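*Asks:* Structure file run-v3.pdb, PDB, C-alpha atoms and all ligand atoms, is pasted below:
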```
ATOM      1  CA  MET A  55      89.460 -89.279 136.156  1.00  0.00           C
ATOM      2  CA  ILE A  56      91.599 -92.168 137.285  1.00  0.00           C
ATOM      3  CA  ASP A  57      94.882 -91.668 139.125  1.00  0.00           C
ATOM      4  CA  ALA A  58      97.079 -94.115 137.178  1.00  0.00           C
ATOM      5  CA  ASN A  59      99.846 -94.147 139.797  1.00  0.00           C
ATOM      6  CA  CYS A  60      99.917 -93.124 143.427  1.00  0.00           C
ATOM      7  CA  HIS A  61     101.688 -94.413 146.516  1.00  0.00           C
ATOM      8  CA  LEU A  62      98.837 -94.709 148.972  1.00  0.00           C
ATOM      9  CA  THR A  63     100.754 -97.390 150.899  1.00  0.00           C
ATOM     10  CA  PHE A  64     103.411 -94.883 152.001  1.00  0.00           C
ATOM     11  CA  ASP A  65     103.234 -93.955 155.667  1.00  0.00           C
ATOM     12  CA  SER A  66     102.536 -90.302 154.876  1.00  0.00           C
ATOM     13  CA  LEU A  67      99.281 -91.193 153.062  1.00  0.00           C
ATOM     14  CA  TRP A  68      98.144 -94.514 154.475  1.00  0.00           C
ATOM     15  CA  GLY A  69      96.732 -93.406 157.831  1.00  0.00           C
ATOM     16  CA  ASP A  70      94.665 -90.693 156.196  1.00  0.00           C
ATOM     17  CA  ARG A  71      93.680 -92.649 153.094  1.00  0.00           C
ATOM     18  CA  HIS A  72      89.908 -92.591 153.574  1.00  0.00           C
ATOM     19  CA  ALA A  73      89.819 -88.790 153.807  1.00  0.00           C
ATOM     20  CA  ILE A  74      92.300 -88.578 150.930  1.00  0.00           C
ATOM     21  CA  PHE A  75      90.108 -90.705 148.674  1.00  0.00           C
ATOM     22  CA  GLN A  76      87.040 -88.771 149.753  1.00  0.00           C
ATOM     23  CA  ARG A  77      88.686 -85.508 148.669  1.00  0.00           C
ATOM     24  CA  ALA A  78      89.722 -87.112 145.375  1.00  0.00           C
ATOM     25  CA  ARG A  79      86.185 -88.332 144.726  1.00  0.00           C
ATOM     26  CA  GLN A  80      84.824 -84.859 145.358  1.00  0.00           C
ATOM     27  CA  VAL A  81      86.841 -83.495 142.438  1.00  0.00           C
ATOM     28  CA  GLY A  82      86.009 -86.391 140.113  1.00  0.00           C
ATOM     29  CA  VAL A  83      88.711 -89.026 140.683  1.00  0.00           C
ATOM     30  CA  GLN A  84      86.852 -92.366 140.602  1.00  0.00           C
ATOM     31  CA  LEU A  85      89.674 -94.852 141.043  1.00  0.00           C
ATOM     32  CA  LEU A  86      93.259 -95.024 142.266  1.00  0.00           C
ATOM     33  CA  VAL A  87      95.998 -97.281 140.943  1.00  0.00           C
ATOM     34  CA  VAL A  88      98.227 -97.917 143.929  1.00  0.00           C
ATOM     35  CA  SER A  89     101.828 -98.982 143.315  1.00  0.00           C
ATOM     36  CA  THR A  90     104.558 -99.654 145.803  1.00  0.00           C
ATOM     37  CA  ASP A  91     108.312 -99.506 146.286  1.00  0.00           C
ATOM     38  CA  THR A  92     109.058-102.879 147.886  1.00  0.00           C
ATOM     39  CA  CYS A  93     107.289-106.204 148.407  1.00  0.00           C
ATOM     40  CA  ASP A  94     107.965-106.222 152.150  1.00  0.00           C
ATOM     41  CA  GLY A  95     105.277-107.692 154.384  1.00  0.00           C
ATOM     42  CA  ASP A  96     103.766-104.424 155.595  1.00  0.00           C
ATOM     43  CA  ARG A  97     103.579-103.053 152.056  1.00  0.00           C
ATOM     44  CA  VAL A  98     101.907-106.217 150.801  1.00  0.00           C
ATOM     45  CA  ALA A  99      99.371-106.122 153.649  1.00  0.00           C
ATOM     46  CA  ARG A 100      98.515-102.549 152.665  1.00  0.00           C
ATOM     47  CA  LEU A 101      98.147-103.492 148.988  1.00  0.00           C
ATOM     48  CA  ILE A 102      95.725-106.252 149.933  1.00  0.00           C
ATOM     49  CA  GLU A 103      93.747-103.771 152.029  1.00  0.00           C
ATOM     50  CA  ALA A 104      93.774-101.136 149.260  1.00  0.00           C
ATOM     51  CA  GLU A 105      92.420-103.672 146.782  1.00  0.00           C
ATOM     52  CA  ARG A 106      89.711-104.666 149.254  1.00  0.00           C
ATOM     53  CA  GLU A 107      88.772-101.001 149.485  1.00  0.00           C
ATOM     54  CA  GLY A 108      88.212-100.894 145.733  1.00  0.00           C
ATOM     55  CA  HIS A 109      91.485 -99.681 144.265  1.00  0.00           C
ATOM     56  CA  ARG A 110      93.709-101.401 141.712  1.00  0.00           C
ATOM     57  CA  VAL A 111      97.148-102.349 142.969  1.00  0.00           C
ATOM     58  CA  ALA A 112     100.629-103.155 141.655  1.00  0.00           C
ATOM     59  CA  ALA A 113     103.589-104.728 143.438  1.00  0.00           C
ATOM     60  CA  GLY A 114     107.258-104.536 142.569  1.00  0.00           C
ATOM     61  CA  TRP A 115     110.784-103.654 143.601  1.00  0.00           C
ATOM     62  CA  HIS A 116     111.498-100.009 142.804  1.00  0.00           C
ATOM     63  CA  PRO A 117     115.027 -99.392 141.433  1.00  0.00           C
ATOM     64  CA  LEU A 118     115.869 -96.885 144.186  1.00  0.00           C
ATOM     65  CA  PHE A 119     115.271 -99.399 146.983  1.00  0.00           C
ATOM     66  CA  GLU A 120     117.460-102.307 147.907  1.00  0.00           C
ATOM     67  CA  ALA A 121     115.947-105.658 147.000  1.00  0.00           C
ATOM     68  CA  PRO A 122     116.778-108.963 148.730  1.00  0.00           C
ATOM     69  CA  THR A 123     118.477-111.756 146.788  1.00  0.00           C
ATOM     70  CA  ASP A 124     115.190-113.659 146.478  1.00  0.00           C
ATOM     71  CA  ALA A 125     113.302-110.559 145.280  1.00  0.00           C
ATOM     72  CA  LEU A 126     112.107-112.186 142.073  1.00  0.00           C
ATOM     73  CA  ASP A 127     110.898-115.317 143.849  1.00  0.00           C
ATOM     74  CA  GLN A 128     108.970-113.188 146.327  1.00  0.00           C
ATOM     75  CA  LEU A 129     107.319-111.192 143.554  1.00  0.00           C
ATOM     76  CA  GLN A 130     106.527-114.282 141.551  1.00  0.00           C
ATOM     77  CA  SER A 131     104.710-115.982 144.414  1.00  0.00           C
ATOM     78  CA  LEU A 132     102.876-112.770 145.275  1.00  0.00           C
ATOM     79  CA  LEU A 133     101.636-112.390 141.709  1.00  0.00           C
ATOM     80  CA  HIS A 134     100.645-116.023 141.632  1.00  0.00           C
ATOM     81  CA  GLN A 135      98.429-115.423 144.662  1.00  0.00           C
ATOM     82  CA  HIS A 136      96.968-112.222 143.229  1.00  0.00           C
ATOM     83  CA  PRO A 137      96.064-112.657 139.561  1.00  0.00           C
ATOM     84  CA  THR A 138      94.507-109.174 139.322  1.00  0.00           C
ATOM     85  CA  TRP A 139      97.630-107.330 140.461  1.00  0.00           C
ATOM     86  CA  GLY A 140      99.911-105.364 138.193  1.00  0.00           C
ATOM     87  CA  VAL A 141     103.666-104.933 138.498  1.00  0.00           C
ATOM     88  CA  GLY A 142     105.255-101.660 139.572  1.00  0.00           C
ATOM     89  CA  GLU A 143     106.983 -99.477 140.064  1.00  0.00           C
ATOM     90  CA  ILE A 144     109.841-101.293 138.396  1.00  0.00           C
ATOM     91  CA  GLY A 145     112.510 -99.896 136.122  1.00  0.00           C
ATOM     92  CA  LEU A 146     115.856 -98.189 135.927  1.00  0.00           C
ATOM     93  CA  ASP A 147     117.219 -95.189 137.785  1.00  0.00           C
ATOM     94  CA  THR A 148     120.663 -94.288 136.470  1.00  0.00           C
ATOM     95  CA  ARG A 149     121.176 -91.590 139.118  1.00  0.00           C
ATOM     96  CA  GLN A 150     122.131 -94.436 141.416  1.00  0.00           C
ATOM     97  CA  SER A 151     124.827 -97.010 140.727  1.00  0.00           C
ATOM     98  CA  PRO A 152     125.106 -99.856 140.151  1.00  0.00           C
ATOM     99  CA  VAL A 153     121.971-100.161 138.026  1.00  0.00           C
ATOM    100  CA  ASP A 154     120.430-103.606 138.475  1.00  0.00           C
ATOM    101  CA  ILE A 155     119.333-104.430 134.955  1.00  0.00           C
ATOM    102  CA  GLY A 156     118.845-108.100 135.849  1.00  0.00           C
ATOM    103  CA  LEU A 157     116.271-107.316 138.520  1.00  0.00           C
ATOM    104  CA  PHE A 158     114.448-105.070 136.087  1.00  0.00           C
ATOM    105  CA  GLN A 159     114.451-107.701 133.342  1.00  0.00           C
ATOM    106  CA  GLY A 160     113.264-110.382 135.749  1.00  0.00           C
ATOM    107  CA  GLN A 161     110.365-108.235 136.905  1.00  0.00           C
ATOM    108  CA  LEU A 162     109.483-107.363 133.320  1.00  0.00           C
ATOM    109  CA  HIS A 163     109.280-111.052 132.611  1.00  0.00           C
ATOM    110  CA  LEU A 164     106.881-111.493 135.541  1.00  0.00           C
ATOM    111  CA  ALA A 165     104.755-108.615 134.206  1.00  0.00           C
ATOM    112  CA  LYS A 166     103.767-110.608 131.146  1.00  0.00           C
ATOM    113  CA  ASN A 167     100.012-110.304 130.526  1.00  0.00           C
ATOM    114  CA  ARG A 168      99.654-107.850 133.392  1.00  0.00           C
ATOM    115  CA  PHE A 169      99.624-104.078 133.630  1.00  0.00           C
ATOM    116  CA  CYS A 170     103.003-102.596 134.449  1.00  0.00           C
ATOM    117  CA  ILE A 171     104.211 -99.241 135.821  1.00  0.00           C
ATOM    118  CA  LEU A 172     107.699 -98.337 134.658  1.00  0.00           C
ATOM    119  CA  HIS A 173     110.063 -95.864 136.324  1.00  0.00           C
ATOM    120  CA  ALA A 174     112.841 -94.640 133.993  1.00  0.00           C
ATOM    121  CA  VAL A 175     114.800 -91.739 135.478  1.00  0.00           C
ATOM    122  CA  GLY A 176     118.360 -90.464 135.016  1.00  0.00           C
ATOM    123  CA  PRO A 177     120.747 -90.147 132.068  1.00  0.00           C
ATOM    124  CA  GLY A 178     119.991 -92.725 129.379  1.00  0.00           C
ATOM    125  CA  ALA A 179     117.361 -94.530 131.475  1.00  0.00           C
ATOM    126  CA  VAL A 180     114.461 -94.007 129.064  1.00  0.00           C
ATOM    127  CA  ASP A 181     116.428 -95.540 126.181  1.00  0.00           C
ATOM    128  CA  GLN A 182     117.908 -98.404 128.221  1.00  0.00           C
ATOM    129  CA  ALA A 183     114.491 -99.331 129.543  1.00  0.00           C
ATOM    130  CA  TYR A 184     113.077 -99.144 126.036  1.00  0.00           C
ATOM    131  CA  GLN A 185     115.686-101.605 124.736  1.00  0.00           C
ATOM    132  CA  ALA A 186     114.873-104.071 127.508  1.00  0.00           C
ATOM    133  CA  VAL A 187     111.127-103.814 126.980  1.00  0.00           C
ATOM    134  CA  ARG A 188     111.391-104.128 123.227  1.00  0.00           C
ATOM    135  CA  ALA A 189     113.549-107.231 123.582  1.00  0.00           C
ATOM    136  CA  MET A 190     111.496-109.100 126.115  1.00  0.00           C
ATOM    137  CA  ALA A 191     108.104-107.743 127.008  1.00  0.00           C
ATOM    138  CA  PRO A 192     105.808-107.607 124.000  1.00  0.00           C
ATOM    139  CA  GLN A 193     102.852-108.946 125.996  1.00  0.00           C
ATOM    140  CA  THR A 194     103.133-106.502 128.869  1.00  0.00           C
ATOM    141  CA  ARG A 195     100.523-103.750 129.080  1.00  0.00           C
ATOM    142  CA  GLY A 196     102.903-101.043 130.117  1.00  0.00           C
ATOM    143  CA  MET A 197     102.997 -97.394 130.932  1.00  0.00           C
ATOM    144  CA  VAL A 198     105.990 -95.167 131.567  1.00  0.00           C
ATOM    145  CA  HIS A 199     105.121 -93.133 134.620  1.00  0.00           C
ATOM    146  CA  ALA A 200     106.123 -89.449 134.763  1.00  0.00           C
ATOM    147  CA  PHE A 201     107.580 -89.858 131.276  1.00  0.00           C
ATOM    148  CA  SER A 202     110.445 -87.375 130.957  1.00  0.00           C
ATOM    149  CA  GLY A 203     111.743 -88.128 127.449  1.00  0.00           C
ATOM    150  CA  SER A 204     111.433 -86.195 124.218  1.00  0.00           C
ATOM    151  CA  TRP A 205     108.647 -86.546 121.663  1.00  0.00           C
ATOM    152  CA  GLU A 206     111.075 -88.587 119.501  1.00  0.00           C
ATOM    153  CA  GLN A 207     111.544 -91.051 122.368  1.00  0.00           C
ATOM    154  CA  ALA A 208     107.828 -90.992 123.157  1.00  0.00           C
ATOM    155  CA  LYS A 209     106.974 -92.196 119.654  1.00  0.00           C
ATOM    156  CA  LYS A 210     109.094 -95.323 120.126  1.00  0.00           C
ATOM    157  CA  TRP A 211     107.186 -96.290 123.271  1.00  0.00           C
ATOM    158  CA  LEU A 212     103.893 -95.672 121.529  1.00  0.00           C
ATOM    159  CA  ASP A 213     105.039 -97.987 118.719  1.00  0.00           C
ATOM    160  CA  LEU A 214     105.467-100.724 121.332  1.00  0.00           C
ATOM    161  CA  GLY A 215     101.836-100.216 122.356  1.00  0.00           C
ATOM    162  CA  TRP A 216     102.709 -98.576 125.675  1.00  0.00           C
ATOM    163  CA  TYR A 217     100.978 -95.662 127.344  1.00  0.00           C
ATOM    164  CA  LEU A 218     102.726 -92.581 128.702  1.00  0.00           C
ATOM    165  CA  SER A 219     101.717 -90.935 131.943  1.00  0.00           C
ATOM    166  CA  ILE A 220     102.033 -87.355 133.139  1.00  0.00           C
ATOM    167  CA  GLY A 221     101.624 -85.758 136.556  1.00  0.00           C
ATOM    168  CA  GLY A 222     102.372 -82.564 138.457  1.00  0.00           C
ATOM    169  CA  PRO A 223     105.615 -81.601 136.629  1.00  0.00           C
ATOM    170  CA  ILE A 224     103.583 -80.689 133.515  1.00  0.00           C
ATOM    171  CA  THR A 225     102.298 -77.660 135.452  1.00  0.00           C
ATOM    172  CA  ARG A 226     105.796 -76.140 135.633  1.00  0.00           C
ATOM    173  CA  PRO A 227     105.844 -73.298 133.082  1.00  0.00           C
ATOM    174  CA  ASN A 228     109.430 -74.142 132.048  1.00  0.00           C
ATOM    175  CA  ALA A 229     108.731 -77.857 131.427  1.00  0.00           C
ATOM    176  CA  ARG A 230     109.292 -77.480 127.681  1.00  0.00           C
ATOM    177  CA  ARG A 231     110.171 -81.063 126.888  1.00  0.00           C
ATOM    178  CA  LEU A 232     107.211 -82.458 128.789  1.00  0.00           C
ATOM    179  CA  ARG A 233     104.852 -79.982 127.235  1.00  0.00           C
ATOM    180  CA  ASP A 234     106.132 -80.874 123.789  1.00  0.00           C
ATOM    181  CA  TRP A 235     105.215 -84.579 123.998  1.00  0.00           C
ATOM    182  CA  VAL A 236     102.007 -83.959 125.944  1.00  0.00           C
ATOM    183  CA  ARG A 237     100.796 -81.679 123.150  1.00  0.00           C
ATOM    184  CA  GLN A 238     101.592 -84.238 120.448  1.00  0.00           C
ATOM    185  CA  ILE A 239     100.698 -87.643 121.911  1.00  0.00           C
ATOM    186  CA  PRO A 240      97.487 -89.190 120.513  1.00  0.00           C
ATOM    187  CA  LEU A 241      94.897 -88.562 123.218  1.00  0.00           C
ATOM    188  CA  ASP A 242      94.036 -92.254 123.492  1.00  0.00           C
ATOM    189  CA  ARG A 243      97.548 -93.083 124.772  1.00  0.00           C
ATOM    190  CA  LEU A 244      97.861 -90.556 127.585  1.00  0.00           C
ATOM    191  CA  LEU A 245      97.364 -91.363 131.301  1.00  0.00           C
ATOM    192  CA  LEU A 246      97.213 -88.984 134.270  1.00  0.00           C
ATOM    193  CA  GLU A 247      98.824 -89.668 137.646  1.00  0.00           C
ATOM    194  CA  SER A 248      99.333 -87.814 140.885  1.00  0.00           C
ATOM    195  CA  ASP A 249     102.466 -89.830 141.808  1.00  0.00           C
ATOM    196  CA  SER A 250     101.526 -88.682 145.309  1.00  0.00           C
ATOM    197  CA  PRO A 251     103.069 -88.019 147.748  1.00  0.00           C
ATOM    198  CA  ASP A 252     105.783 -86.985 145.211  1.00  0.00           C
ATOM    199  CA  LEU A 253     105.680 -84.453 142.375  1.00  0.00           C
ATOM    200  CA  ALA A 254     102.874 -82.043 143.274  1.00  0.00           C
ATOM    201  CA  PRO A 255     101.558 -79.497 140.755  1.00  0.00           C
ATOM    202  CA  VAL A 256     103.239 -76.093 141.183  1.00  0.00           C
ATOM    203  CA  ASP A 257     100.261 -74.311 142.706  1.00  0.00           C
ATOM    204  CA  TRP A 258      99.205 -77.199 144.940  1.00  0.00           C
ATOM    205  CA  GLN A 259      98.942 -76.284 148.630  1.00  0.00           C
ATOM    206  CA  GLY A 260     100.134 -78.842 151.149  1.00  0.00           C
ATOM    207  CA  ALA A 261     101.148 -82.464 150.642  1.00  0.00           C
ATOM    208  CA  ASN A 262     100.440 -83.979 147.260  1.00  0.00           C
ATOM    209  CA  GLU A 263      97.474 -86.360 147.050  1.00  0.00           C
ATOM    210  CA  PRO A 264      95.282 -87.823 144.272  1.00  0.00           C
ATOM    211  CA  ALA A 265      92.921 -84.817 144.269  1.00  0.00           C
ATOM    212  CA  SER A 266      95.731 -82.842 142.590  1.00  0.00           C
ATOM    213  CA  LEU A 267      94.924 -84.739 139.406  1.00  0.00           C
ATOM    214  CA  VAL A 268      92.355 -82.038 138.728  1.00  0.00           C
ATOM    215  CA  GLU A 269      95.183 -79.549 138.182  1.00  0.00           C
ATOM    216  CA  VAL A 270      97.086 -81.931 135.924  1.00  0.00           C
ATOM    217  CA  ALA A 271      93.983 -82.477 133.778  1.00  0.00           C
ATOM    218  CA  ALA A 272      93.334 -78.733 133.567  1.00  0.00           C
ATOM    219  CA  CYS A 273      96.909 -78.066 132.479  1.00  0.00           C
ATOM    220  CA  VAL A 274      96.786 -80.787 129.792  1.00  0.00           C
ATOM    221  CA  ALA A 275      93.458 -79.398 128.555  1.00  0.00           C
ATOM    222  CA  GLN A 276      94.922 -75.934 128.265  1.00  0.00           C
ATOM    223  CA  LEU A 277      98.059 -77.153 126.453  1.00  0.00           C
ATOM    224  CA  ARG A 278      96.044 -79.195 123.969  1.00  0.00           C
ATOM    225  CA  GLN A 279      93.247 -76.618 123.677  1.00  0.00           C
ATOM    226  CA  THR A 280      90.771 -79.406 124.381  1.00  0.00           C
ATOM    227  CA  PRO A 281      87.840 -79.255 126.825  1.00  0.00           C
ATOM    228  CA  SER A 282      88.895 -80.431 130.272  1.00  0.00           C
ATOM    229  CA  GLU A 283      85.976 -82.872 130.425  1.00  0.00           C
ATOM    230  CA  GLN A 284      87.213 -84.613 127.278  1.00  0.00           C
ATOM    231  CA  ILE A 285      90.707 -84.978 128.774  1.00  0.00           C
ATOM    232  CA  ARG A 286      89.259 -86.405 131.996  1.00  0.00           C
ATOM    233  CA  GLN A 287      87.021 -88.908 130.252  1.00  0.00           C
ATOM    234  CA  GLN A 288      89.455 -90.061 127.590  1.00  0.00           C
ATOM    235  CA  THR A 289      92.376 -90.550 129.992  1.00  0.00           C
ATOM    236  CA  ALA A 290      90.093 -92.532 132.331  1.00  0.00           C
ATOM    237  CA  ALA A 291      89.039 -94.768 129.427  1.00  0.00           C
ATOM    238  CA  ASN A 292      92.717 -95.188 128.506  1.00  0.00           C
ATOM    239  CA  THR A 293      93.562 -96.212 132.055  1.00  0.00           C
ATOM    240  CA  ARG A 294      90.814 -98.846 132.077  1.00  0.00           C
ATOM    241  CA  ALA A 295      92.096-100.226 128.770  1.00  0.00           C
ATOM    242  CA  TRP A 296      95.633-100.344 130.167  1.00  0.00           C
ATOM    243  CA  LEU A 297      94.509-102.053 133.396  1.00  0.00           C
ATOM    244  CA  ASP A 298      92.267-104.655 131.839  1.00  0.00           C
ATOM    245  CA  GLY A 299      93.707-105.174 128.354  1.00  0.00           C
TER     246      GLY A 299
HETATM  247 ZN    ZN B   1     108.835 -93.489 139.873  1.00  0.00          ZN
END
```
Show how you would write the structure in this file as structure tokens.
Ligand SMILES: [Zn+2]

*Replies:*
Amino acid sequence: MIDANCHLTFDSLWGDRHAIFQRARQVGVQLLVVSTDTCDGDRVARLIEAEREGHRVAAGWHPLFEAPTDALDQLQSLLHQHPTWGVGEIGLDTRQSPVDIGLFQGQLHLAKNRFCILHAVGPGAVDQAYQAVRAMAPQTRGMVHAFSGSWEQAKKWLDLGWYLSIGGPITRPNARRLRDWVRQIPLDRLLLESDSPDLAPVDWQGANEPASLVEVAACVAQLRQTPSEQIRQQTAANTRAWLDG
């Protein structure tokens, strides 16, 4: 398994990251994709360290955090220095106003020929983000993290060549909409993520961490009536294809 999106650089995980990765490895998670919320100096230092420790990393300005006026310049120079890095989380969160579509579009532009982690949350966000991506980011290898849309919306993203990612919320028995698209998506376009420390599976004890991916994989296997091992292997192969093009 590969955790396609986790926030190892957050204070709540960072100090304990070696033990956290050890526990993940013990249940079959081979690699973490570490994204962040800002490109501030301490976050960037942690991304550099995480990459040195063998993980894949992505930098970006998350829509729920305030970005400085030179946010795009900062990200551009960071990406220039780190050709292997992806971009994320970036996106739209319509629960908060005003929505900065310009910042999102600028970051999408910088994500060209890189892997990209998209956050689209709140009323209309999935469709607004889709319009922006369709208009300007055909060369971005993207995934929508914790995709919360319908199967009809999912199909549009798949037509753009994007991947869709699912995490702990799929384990909620009443997550009908999520379960609908997770059952129907072609298996070669699905990614798994812990989104830790957020969004733990329902039966998970304690703080969420990448090891919880085992519960996400088991739930997907049960929903699709597919052996768990096949889900683990195929989603890991998908994640490698998304990361490396
Ligand atoms: Zn997010």

*Asks:* Find the residues near Ile224 of chain A: any atom within 9 Å, counting only C-alpha atoms, skip ones fewer than 5 places away on the same chain, and give them as a list of chain:residue names.

*Replies:*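 My reading of the contact set: A:Ala229, A:Arg230, A:Leu232, A:Arg233, A:Val236, A:Pro255, A:Val256, A:Val270, A:Cys273, A:Val274.
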
*Asks:* Name the residues, by chain letter and number, that sit within 10 Å of ligand ZN 1 (chain B) using all atoms listed in the file, and give them as an MDAnalysis selection string.

*Replies:* chainID A and resid 59:61 89:91 116:118 142:147 171:175 198:201 249 252:253

*Asks:* To test your reading of the syntax: which residues would the PyMOL selection byres (((chain A and resi 57) around 7) and not hetatm) return for the file shown? Reply as number ranges by chain.

*Replies:* A: 55-56, 58-60, 83, 85-87, 246-248, 264, 267

*Asks:* Which value, in Å to one decimal, gives the distance between atom CA of Gly108 of chain A and atom CA of Gln84 of chain A?

*Replies:*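 Atom CA of Gly108 of chain A sits 10.0 Å away from atom CA of Gln84 of chain A.
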
*Asks:* Could you produce a table of the residues of segment 127-242 of chain A lying within 6 Å of segment 277-297 of chain A, with the nearest pair of atoms per residue and their separation in Å rounded to one decimal, using only C-alpha atoms, ordered by chain and increasing residue number, as a tab-separated table?

*Replies:*
```
residue	atom	partner	partner_atom	distance
A:Phe169	CA	A:Leu297	CA	5.5
A:Arg237	CA	A:Arg278	CA	5.4
A:Asp242	CA	A:Asn292	CA	6.0
```

*Asks:* Between atom CA of Ala112 of chain A and atom CA of Val98 of chain A, what is the spacing in Å?

*Replies:*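 Atom CA of Ala112 of chain A lies at a distance of 9.7 Å from atom CA of Val98 of chain A.
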
*Asks:* Write out as a list in words the residues lying within 9 Å of Pro137 of chain A, counting only C-alpha atoms and excluding same-chain residues fewer than 4 positions away.

*Replies:* Leu132, Leu133 and Arg168 of chain A

*Asks:* What is the distance between atom CA of Gln159 of chain A and atom CA of Thr92 of chain A, in Å to one decimal?

*Replies:* 16.2 Å

*Asks:* Run the PyMOL selection byres (((chain A and resi 71-74) around 8) and not hetatm) on the file and write out the hits as number ranges by chain.

*Replies:* A: 62, 67-70, 75-78, 263-265

*Asks:* Kindly resolve the PyMOL selection byres (((chain A and resi 154) around 12) and not hetatm) on the present coordinates and return the residues as a PyMOL selection string.

*Replies:* chain A and resi 115-121+123+144-148+150-153+155-161+179+182-183

*Asks:* Which residue out of A:Leu164, A:Cys170, A:Ile220, A:Leu212 has the minimum interatomic distance to Met197 of chain A when all atoms listed in the file are used?

*Replies:* A:Cys170

*Asks:* Please tell me which residues are no farther than 8 Å from (106.6, -85.1, 147.4) in the file, counting all atoms listed in the file, and write them as a ChimeraX atom specification.

*Replies:* /A:250-254,261-262

*Asks:* Those residues you just picked out, can you put them in a file as a CSV table (one decimal), keeping the file's coordinate frame with C-alpha atoms?

*Replies:*
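The file below, out-v3.csv, is the result:
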```
chain,number,residue,atom,x,y,z
A,250,SER,CA,101.5,-88.7,145.3
A,251,PRO,CA,103.1,-88.0,147.7
A,252,ASP,CA,105.8,-87.0,145.2
A,253,LEU,CA,105.7,-84.5,142.4
A,254,ALA,CA,102.9,-82.0,143.3
A,261,ALA,CA,101.1,-82.5,150.6
A,262,ASN,CA,100.4,-84.0,147.3
```

*Asks:* Would you fill the gaps in segment 226-241 of chain A so it has N, CA and C atoms, then print it as a compact mmCIF listing (two decimals), in the frame of the given file?

*Replies:*
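Contents of result_17.txt, as written:
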```txt
# COMPACT_ATOMS: atom_id res chain seq x y z
N ARG A 226 104.69 -77.10 135.55
CA ARG A 226 105.80 -76.14 135.63
C ARG A 226 105.91 -75.40 134.31
N PRO A 227 105.85 -74.06 134.34
CA PRO A 227 105.84 -73.30 133.08
C PRO A 227 107.08 -73.57 132.22
N ASN A 228 108.21 -73.93 132.84
CA ASN A 228 109.43 -74.14 132.05
C ASN A 228 109.62 -75.60 131.62
N ALA A 229 108.59 -76.43 131.77
CA ALA A 229 108.73 -77.86 131.43
C ALA A 229 108.54 -78.06 129.92
N ARG A 230 109.47 -77.51 129.14
CA ARG A 230 109.29 -77.48 127.68
C ARG A 230 109.22 -78.86 127.05
N ARG A 231 110.12 -79.74 127.50
CA ARG A 231 110.17 -81.06 126.89
C ARG A 231 108.90 -81.86 127.18
N LEU A 232 108.45 -81.76 128.42
CA LEU A 232 107.21 -82.46 128.79
C LEU A 232 106.04 -81.91 127.99
N ARG A 233 105.99 -80.60 127.91
CA ARG A 233 104.85 -79.98 127.24
C ARG A 233 104.84 -80.33 125.75
N ASP A 234 106.03 -80.52 125.20
CA ASP A 234 106.13 -80.87 123.79
C ASP A 234 105.47 -82.24 123.51
N TRP A 235 105.82 -83.27 124.31
CA TRP A 235 105.22 -84.58 124.00
C TRP A 235 103.76 -84.65 124.42
N VAL A 236 103.41 -83.93 125.50
CA VAL A 236 102.01 -83.96 125.94
C VAL A 236 101.08 -83.30 124.91
N ARG A 237 101.61 -82.29 124.21
CA ARG A 237 100.80 -81.68 123.15
C ARG A 237 100.60 -82.62 121.97
N GLN A 238 101.61 -83.46 121.70
CA GLN A 238 101.59 -84.24 120.45
C GLN A 238 101.08 -85.67 120.57
N ILE A 239 101.09 -86.23 121.76
CA ILE A 239 100.70 -87.64 121.91
C ILE A 239 99.23 -87.83 121.51
N PRO A 240 98.91 -88.92 120.78
CA PRO A 240 97.49 -89.19 120.51
C PRO A 240 96.74 -89.29 121.84
N LEU A 241 95.57 -88.67 121.92
CA LEU A 241 94.90 -88.56 123.22
C LEU A 241 94.51 -89.92 123.80
```
